[in-house]
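> Here you go, one structure.
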Amino acid sequence: MVRVGENWCAAHCLDQSPGGMRFQSDAKLTFEPGDLVEIVSLEPDLSFEGRVAWVQGGQVGVEREEAVIFSLERRRYVRVNAADLTASAGPQALKVLDVSLRGLRVEAPEKLTPGTIEVDLHLPEAPLRLSAVVLESRGSVARLELTDVSGDAHDRLAAYLASALRNLS
């Protein structure tokens with residue numbers, strides 16, 4: 001969603017970077033270079049205020065008021081290095097390499113078998129029990145996709161990610 005003045009419209013994000021985003025909207029709102037806009041995303045860390053930099057053929061370029069440090073790569077969710085986190089899957093201790101709202105990359109003493117597992121992510125306050133699917137395991141490093149992250153688990157993980165991002169700047 002995009003707000004300009006008191007008016008809101010739905011927008012389709014075409015791409016986003018630490019410096020801003022490019023979106024397209026079918027709404028009848030007009031955007032002018034210099035307009036202050038608010039971008040509201042389902043991912044709180046991707047919401048921001050910025051200024052319209054350009055408008056061309058139904059596309060709008062917005063520059064963030066304050067640039068942030070994160071890597072979108074081809075991923076939809078912000079991924080944070082998590083050298084301070086550990087996790088466990090049953091009796092196996094895992095070192096968390098990075099984390100997002102949808103997954104983890106971990107290092108395990110033994111290769112993880114593809115399939116569904118329960119993971120205890122050791123967040124600073126208390127462990128967080130999550131269900132995950134082992135997508136890939138190459139040597140000691142595995143990629144896990146988190147499943148059914150909702151409610152309190154989502155909020156706690158989002159708060160950890162927001163804190164980690166703030167500590168980067």
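Chain labels A, B, ... are given in the sequence in which chains occur in the structure tokens; within each chain residues are numbered consecutively from 1, and ligands are likewise numbered from 1 in the order shown.
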Within 10 Å of stretch 51-60 of chain A, counting only C-alpha atoms, which residues show up once you throw out same-chain ones fewer than 5 positions away? Write them as a list in words, please.
Val4, Ala11, His12, Cys13, Leu14, Gly20, Met21, Arg22, Phe23, Gln24, Ser25, Asp26, Ala27, Thr30, Phe31, Glu32, Pro33, Gly34, Asp35, Leu36, Val37, Glu38 and Glu65 of chain A
> So that I can check the secondary structure, give me every residue of chain A assigned helix (DSSP H, G or I) by backbone DSSP, as a list in words.
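Those residues are Pro44, Asp45, Leu46, Gly151, Asp152, Ala153, His154, Asp155, Arg156, Leu157, Ala158, Ala159, Tyr160, Leu161, Ala162, Ser163, Ala164, Leu165, Arg166, Asn167 and Leu168 of chain A.
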> Would you output that residue set with all heavy atoms, as a compact mmCIF listing (two decimals), in the first residue's frame?

# COMPACT_ATOMS: atom_id res chain seq x y z
N PRO A 44 7.11 -5.62 8.10
CA PRO A 44 7.33 -4.32 8.74
C PRO A 44 8.68 -3.69 8.40
O PRO A 44 8.77 -2.48 8.25
CB PRO A 44 7.24 -4.62 10.23
CG PRO A 44 6.46 -5.89 10.32
CD PRO A 44 6.75 -6.65 9.06
N ASP A 45 9.71 -4.50 8.24
CA ASP A 45 11.04 -3.95 7.96
C ASP A 45 11.14 -3.36 6.56
O ASP A 45 12.11 -2.67 6.25
CB ASP A 45 12.11 -5.03 8.14
CG ASP A 45 12.22 -5.47 9.58
OD1 ASP A 45 12.01 -4.64 10.47
OD2 ASP A 45 12.49 -6.66 9.81
N LEU A 46 10.17 -3.63 5.69
CA LEU A 46 10.18 -3.09 4.34
C LEU A 46 9.30 -1.86 4.19
O LEU A 46 9.23 -1.26 3.14
CB LEU A 46 9.75 -4.17 3.33
CG LEU A 46 10.64 -5.41 3.29
CD1 LEU A 46 10.13 -6.38 2.24
CD2 LEU A 46 12.09 -5.06 3.04
N GLY A 151 1.28 -15.66 14.44
CA GLY A 151 1.02 -15.21 15.80
C GLY A 151 2.26 -14.80 16.56
O GLY A 151 3.08 -14.03 16.08
N ASP A 152 2.39 -15.33 17.77
CA ASP A 152 3.49 -14.98 18.66
C ASP A 152 4.84 -15.32 18.06
O ASP A 152 5.80 -14.55 18.19
CB ASP A 152 3.31 -15.68 20.01
CG ASP A 152 4.38 -15.28 21.01
OD1 ASP A 152 4.55 -14.06 21.24
OD2 ASP A 152 5.06 -16.18 21.54
N ALA A 153 4.95 -16.46 17.40
CA ALA A 153 6.23 -16.87 16.80
C ALA A 153 6.67 -15.85 15.74
O ALA A 153 7.84 -15.45 15.71
CB ALA A 153 6.11 -18.26 16.19
N HIS A 154 5.74 -15.42 14.90
CA HIS A 154 6.05 -14.43 13.88
C HIS A 154 6.50 -13.12 14.53
O HIS A 154 7.51 -12.53 14.13
CB HIS A 154 4.83 -14.18 12.98
CG HIS A 154 5.07 -13.17 11.91
ND1 HIS A 154 4.92 -11.82 12.13
CD2 HIS A 154 5.45 -13.31 10.62
CE1 HIS A 154 5.20 -11.17 11.04
NE2 HIS A 154 5.52 -12.05 10.09
N ASP A 155 5.76 -12.67 15.54
CA ASP A 155 6.08 -11.41 16.21
C ASP A 155 7.46 -11.46 16.88
O ASP A 155 8.23 -10.51 16.79
CB ASP A 155 5.02 -11.07 17.25
CG ASP A 155 3.67 -10.77 16.63
OD1 ASP A 155 3.59 -10.57 15.39
OD2 ASP A 155 2.67 -10.75 17.38
N ARG A 156 7.76 -12.57 17.55
CA ARG A 156 9.07 -12.68 18.22
C ARG A 156 10.21 -12.71 17.20
O ARG A 156 11.25 -12.08 17.41
CB ARG A 156 9.11 -13.93 19.10
CG ARG A 156 8.24 -13.77 20.35
CD ARG A 156 8.43 -14.90 21.34
NE ARG A 156 9.82 -15.00 21.76
CZ ARG A 156 10.40 -16.15 22.12
NH1 ARG A 156 9.70 -17.26 22.15
NH2 ARG A 156 11.66 -16.17 22.49
N LEU A 157 10.02 -13.45 16.11
CA LEU A 157 11.06 -13.53 15.09
C LEU A 157 11.23 -12.18 14.40
O LEU A 157 12.36 -11.73 14.18
CB LEU A 157 10.72 -14.63 14.09
CG LEU A 157 11.80 -15.01 13.08
CD1 LEU A 157 13.13 -15.32 13.77
CD2 LEU A 157 11.34 -16.21 12.26
N ALA A 158 10.13 -11.50 14.10
CA ALA A 158 10.19 -10.17 13.48
C ALA A 158 10.89 -9.18 14.40
O ALA A 158 11.69 -8.35 13.95
CB ALA A 158 8.80 -9.68 13.12
N ALA A 159 10.63 -9.24 15.70
CA ALA A 159 11.28 -8.34 16.66
C ALA A 159 12.78 -8.60 16.70
O ALA A 159 13.58 -7.66 16.76
CB ALA A 159 10.67 -8.51 18.05
N TYR A 160 13.19 -9.88 16.66
CA TYR A 160 14.62 -10.20 16.64
C TYR A 160 15.27 -9.63 15.39
O TYR A 160 16.33 -9.01 15.45
CB TYR A 160 14.86 -11.71 16.71
CG TYR A 160 16.31 -12.05 16.44
CD1 TYR A 160 17.26 -11.92 17.46
CD2 TYR A 160 16.74 -12.41 15.18
CE1 TYR A 160 18.60 -12.15 17.20
CE2 TYR A 160 18.08 -12.65 14.92
CZ TYR A 160 19.01 -12.53 15.94
OH TYR A 160 20.34 -12.74 15.69
N LEU A 161 14.63 -9.83 14.23
CA LEU A 161 15.18 -9.34 12.96
C LEU A 161 15.28 -7.81 12.97
O LEU A 161 16.30 -7.26 12.53
CB LEU A 161 14.33 -9.81 11.79
CG LEU A 161 14.37 -11.31 11.51
CD1 LEU A 161 13.29 -11.70 10.49
CD2 LEU A 161 15.73 -11.76 11.04
N ALA A 162 14.26 -7.13 13.46
CA ALA A 162 14.28 -5.67 13.52
C ALA A 162 15.42 -5.19 14.41
O ALA A 162 16.14 -4.25 14.07
CB ALA A 162 12.94 -5.13 14.02
N SER A 163 15.60 -5.84 15.54
CA SER A 163 16.69 -5.48 16.45
C SER A 163 18.05 -5.71 15.80
O SER A 163 18.95 -4.88 15.89
CB SER A 163 16.58 -6.30 17.73
OG SER A 163 17.69 -6.07 18.57
N ALA A 164 18.19 -6.85 15.11
CA ALA A 164 19.46 -7.14 14.44
C ALA A 164 19.75 -6.12 13.35
O ALA A 164 20.90 -5.70 13.18
CB ALA A 164 19.41 -8.56 13.87
N LEU A 165 18.74 -5.70 12.60
CA LEU A 165 18.93 -4.69 11.56
C LEU A 165 19.31 -3.34 12.15
O LEU A 165 20.17 -2.64 11.62
CB LEU A 165 17.67 -4.56 10.71
CG LEU A 165 17.42 -5.69 9.73
CD1 LEU A 165 16.03 -5.58 9.12
CD2 LEU A 165 18.49 -5.72 8.65
N ARG A 166 18.68 -2.97 13.28
CA ARG A 166 19.03 -1.70 13.94
C ARG A 166 20.48 -1.73 14.41
O ARG A 166 21.18 -0.73 14.35
CB ARG A 166 18.11 -1.46 15.14
CG ARG A 166 16.78 -0.82 14.77
CD ARG A 166 16.04 -0.32 16.00
NE ARG A 166 15.77 -1.36 16.97
CZ ARG A 166 14.72 -2.18 16.93
NH1 ARG A 166 13.83 -2.07 15.97
NH2 ARG A 166 14.55 -3.10 17.85
N ASN A 167 20.95 -2.88 14.89
CA ASN A 167 22.32 -2.98 15.38
C ASN A 167 23.35 -2.89 14.26
O ASN A 167 24.52 -2.63 14.52
CB ASN A 167 22.51 -4.27 16.16
CG ASN A 167 21.76 -4.24 17.48
OD1 ASN A 167 21.45 -3.18 18.01
ND2 ASN A 167 21.44 -5.41 18.00
N LEU A 168 22.93 -3.11 13.00
CA LEU A 168 23.85 -3.00 11.87
C LEU A 168 24.20 -1.56 11.56
O LEU A 168 25.25 -1.25 11.03
CB LEU A 168 23.25 -3.63 10.61
CG LEU A 168 23.20 -5.15 10.57
CD1 LEU A 168 22.46 -5.61 9.32
CD2 LEU A 168 24.59 -5.73 10.61
> Skip A:Val141 itself and residues of its chain fewer than 6 positions away, then list as a ChimeraX atom specification all residues within 8 Å of it, counting only C-alpha atoms.
/A:105-108,111
> Now that the selection is made, can you save its residues with all heavy atoms as a PDB file, in the first residue's frame?

ATOM      1  N   ARG A 105      19.480 -20.637   7.614  1.00  0.00           N
ATOM      2  CA  ARG A 105      20.605 -21.395   7.066  1.00  0.00           C
ATOM      3  C   ARG A 105      21.428 -21.765   8.276  1.00  0.00           C
ATOM      4  O   ARG A 105      21.793 -20.894   9.078  1.00  0.00           O
ATOM      5  CB  ARG A 105      21.399 -20.558   6.067  1.00  0.00           C
ATOM      6  CG  ARG A 105      22.376 -21.381   5.241  1.00  0.00           C
ATOM      7  CD  ARG A 105      22.875 -20.590   4.039  1.00  0.00           C
ATOM      8  NE  ARG A 105      23.485 -19.343   4.441  1.00  0.00           N
ATOM      9  CZ  ARG A 105      24.801 -19.167   4.627  1.00  0.00           C
ATOM     10  NH1 ARG A 105      25.657 -20.145   4.430  1.00  0.00           N
ATOM     11  NH2 ARG A 105      25.261 -17.992   4.999  1.00  0.00           N
ATOM     12  N   VAL A 106      21.676 -23.057   8.439  1.00  0.00           N
ATOM     13  CA  VAL A 106      22.339 -23.545   9.652  1.00  0.00           C
ATOM     14  C   VAL A 106      23.521 -24.430   9.301  1.00  0.00           C
ATOM     15  O   VAL A 106      23.616 -24.974   8.203  1.00  0.00           O
ATOM     16  CB  VAL A 106      21.357 -24.340  10.551  1.00  0.00           C
ATOM     17  CG1 VAL A 106      20.213 -23.459  11.022  1.00  0.00           C
ATOM     18  CG2 VAL A 106      20.847 -25.571   9.851  1.00  0.00           C
ATOM     19  N   GLU A 107      24.401 -24.555  10.283  1.00  0.00           N
ATOM     20  CA  GLU A 107      25.512 -25.489  10.190  1.00  0.00           C
ATOM     21  C   GLU A 107      25.284 -26.562  11.250  1.00  0.00           C
ATOM     22  O   GLU A 107      25.006 -26.248  12.406  1.00  0.00           O
ATOM     23  CB  GLU A 107      26.835 -24.770  10.427  1.00  0.00           C
ATOM     24  CG  GLU A 107      28.033 -25.612  10.134  1.00  0.00           C
ATOM     25  CD  GLU A 107      29.327 -24.821  10.171  1.00  0.00           C
ATOM     26  OE1 GLU A 107      29.308 -23.631  10.568  1.00  0.00           O
ATOM     27  OE2 GLU A 107      30.358 -25.393   9.811  1.00  0.00           O
ATOM     28  N   ALA A 108      25.363 -27.821  10.830  1.00  0.00           N
ATOM     29  CA  ALA A 108      25.091 -28.944  11.729  1.00  0.00           C
ATOM     30  C   ALA A 108      26.302 -29.873  11.772  1.00  0.00           C
ATOM     31  O   ALA A 108      27.022 -29.999  10.787  1.00  0.00           O
ATOM     32  CB  ALA A 108      23.868 -29.716  11.245  1.00  0.00           C
ATOM     33  N   LYS A 111      25.048 -34.138   8.614  1.00  0.00           N
ATOM     34  CA  LYS A 111      24.176 -33.726   7.517  1.00  0.00           C
ATOM     35  C   LYS A 111      22.709 -33.946   7.906  1.00  0.00           C
ATOM     36  O   LYS A 111      22.345 -35.005   8.409  1.00  0.00           O
ATOM     37  CB  LYS A 111      24.514 -34.522   6.257  1.00  0.00           C
ATOM     38  CG  LYS A 111      23.763 -34.072   5.047  1.00  0.00           C
ATOM     39  CD  LYS A 111      24.236 -34.788   3.800  1.00  0.00           C
ATOM     40  CE  LYS A 111      23.467 -34.265   2.600  1.00  0.00           C
ATOM     41  NZ  LYS A 111      23.996 -34.722   1.348  1.00  0.00           N
TER      42      LYS A 111
END
> For A:Glu145, find every residue with an atom within 6 Å (counting only C-alpha atoms), except residues of its own chain fewer than 6 positions away, and show them as a compact mmCIF listing (two decimals) with C-alpha atoms, in the first residue's frame.

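Saved file selection_35.txt follows:
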# COMPACT_ATOMS: atom_id res chain seq x y z
CA ARG A 102 10.69 -17.68 6.27
CA GLY A 103 13.87 -19.64 6.83
CA ALA A 132 10.74 -26.40 9.32
CA VAL A 133 11.42 -28.33 6.16
> So that I can check the surroundings of A:Glu118, please list as a ChimeraX atom specification every protein, DNA and RNA residue that reaches within 9 Å of it, counting only C-alpha atoms and ignoring chain neighbours fewer than 4 positions away.
/A:88-90,129-133
> So, with only C-alpha atoms as the atoms that count, which of A:Leu123, A:Leu128, A:Ala87, A:Cys9 lies closest to A:Leu104?
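Comparing A:Leu123, A:Leu128, A:Ala87, A:Cys9 against A:Leu104, the winner is A:Ala87.
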> Could you jot down the atom CA of A:Leu101 to atom CA of A:Asp148 separation for me, Å, one decimal place?
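Atom CA of A:Asp148 lies at a distance of 10.7 Å from atom CA of A:Leu101.
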> Go through stretch 94-150 of chain A and collect every residue that DSSP, computed from the backbone, puts in strand (DSSP E or B); the answer should be as a PyMOL selection string.
chain A and resi 94-99+103-107+115-122+127-138+141-147
> Selected residues, C-alpha atoms, written as a tab-separated table (two decimals), in the first residue's frame, please.

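In the end it all went to out_10.tsv:
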chain	number	residue	atom	x	y	z
A	94	LEU	CA	22.87	-26.18	15.18
A	95	LYS	CA	24.82	-23.00	14.51
A	96	VAL	CA	22.55	-20.42	12.83
A	97	LEU	CA	24.32	-18.68	9.93
A	98	ASP	CA	21.44	-16.45	8.88
A	99	VAL	CA	17.72	-16.10	9.51
A	103	GLY	CA	13.87	-19.64	6.83
A	104	LEU	CA	17.23	-20.39	8.36
A	105	ARG	CA	20.60	-21.40	7.07
A	106	VAL	CA	22.34	-23.54	9.65
A	107	GLU	CA	25.51	-25.49	10.19
A	115	GLY	CA	12.06	-33.54	5.42
A	116	THR	CA	10.13	-31.89	8.24
A	117	ILE	CA	11.84	-31.20	11.56
A	118	GLU	CA	11.15	-29.26	14.77
A	119	VAL	CA	13.73	-26.57	15.53
A	120	ASP	CA	14.24	-24.68	18.78
A	121	LEU	CA	15.66	-21.27	17.84
A	122	HIS	CA	17.47	-19.89	20.88
A	127	PRO	CA	13.77	-20.52	22.81
A	128	LEU	CA	11.22	-20.40	20.01
A	129	ARG	CA	9.84	-23.74	18.74
A	130	LEU	CA	9.41	-23.74	14.95
A	131	SER	CA	8.48	-26.33	12.35
A	132	ALA	CA	10.74	-26.40	9.32
A	133	VAL	CA	11.42	-28.33	6.16
A	134	VAL	CA	15.02	-29.16	5.28
A	135	LEU	CA	15.18	-27.95	1.68
A	136	GLU	CA	18.82	-28.68	1.02
A	137	SER	CA	21.79	-30.03	2.92
A	138	ARG	CA	25.27	-29.68	1.45
A	141	VAL	CA	25.27	-26.50	5.85
A	142	ALA	CA	21.51	-26.82	5.43
A	143	ARG	CA	18.73	-24.52	4.26
A	144	LEU	CA	15.51	-24.74	6.27
A	145	GLU	CA	12.14	-23.30	5.25
A	146	LEU	CA	10.00	-22.34	8.22
A	147	THR	CA	6.39	-23.52	8.05
> From the list A:Ser17, A:Asn81, A:Ser150, A:Thr113, which residue is nearest A:Phe48 when using only C-alpha atoms?
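Of all the options, A:Ser17 lies closest to A:Phe48.
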> Rounded to one decimal, what separation in Å do you get between atom CA of A:Leu85 and atom CA of A:Val40?
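Spanning atom CA of A:Leu85 to atom CA of A:Val40 is a straight-line distance of 29.0 Å.
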> Between atom CA of A:Glu63 and atom CA of A:Trp8, what is the spacing in Å?
18.2 Å
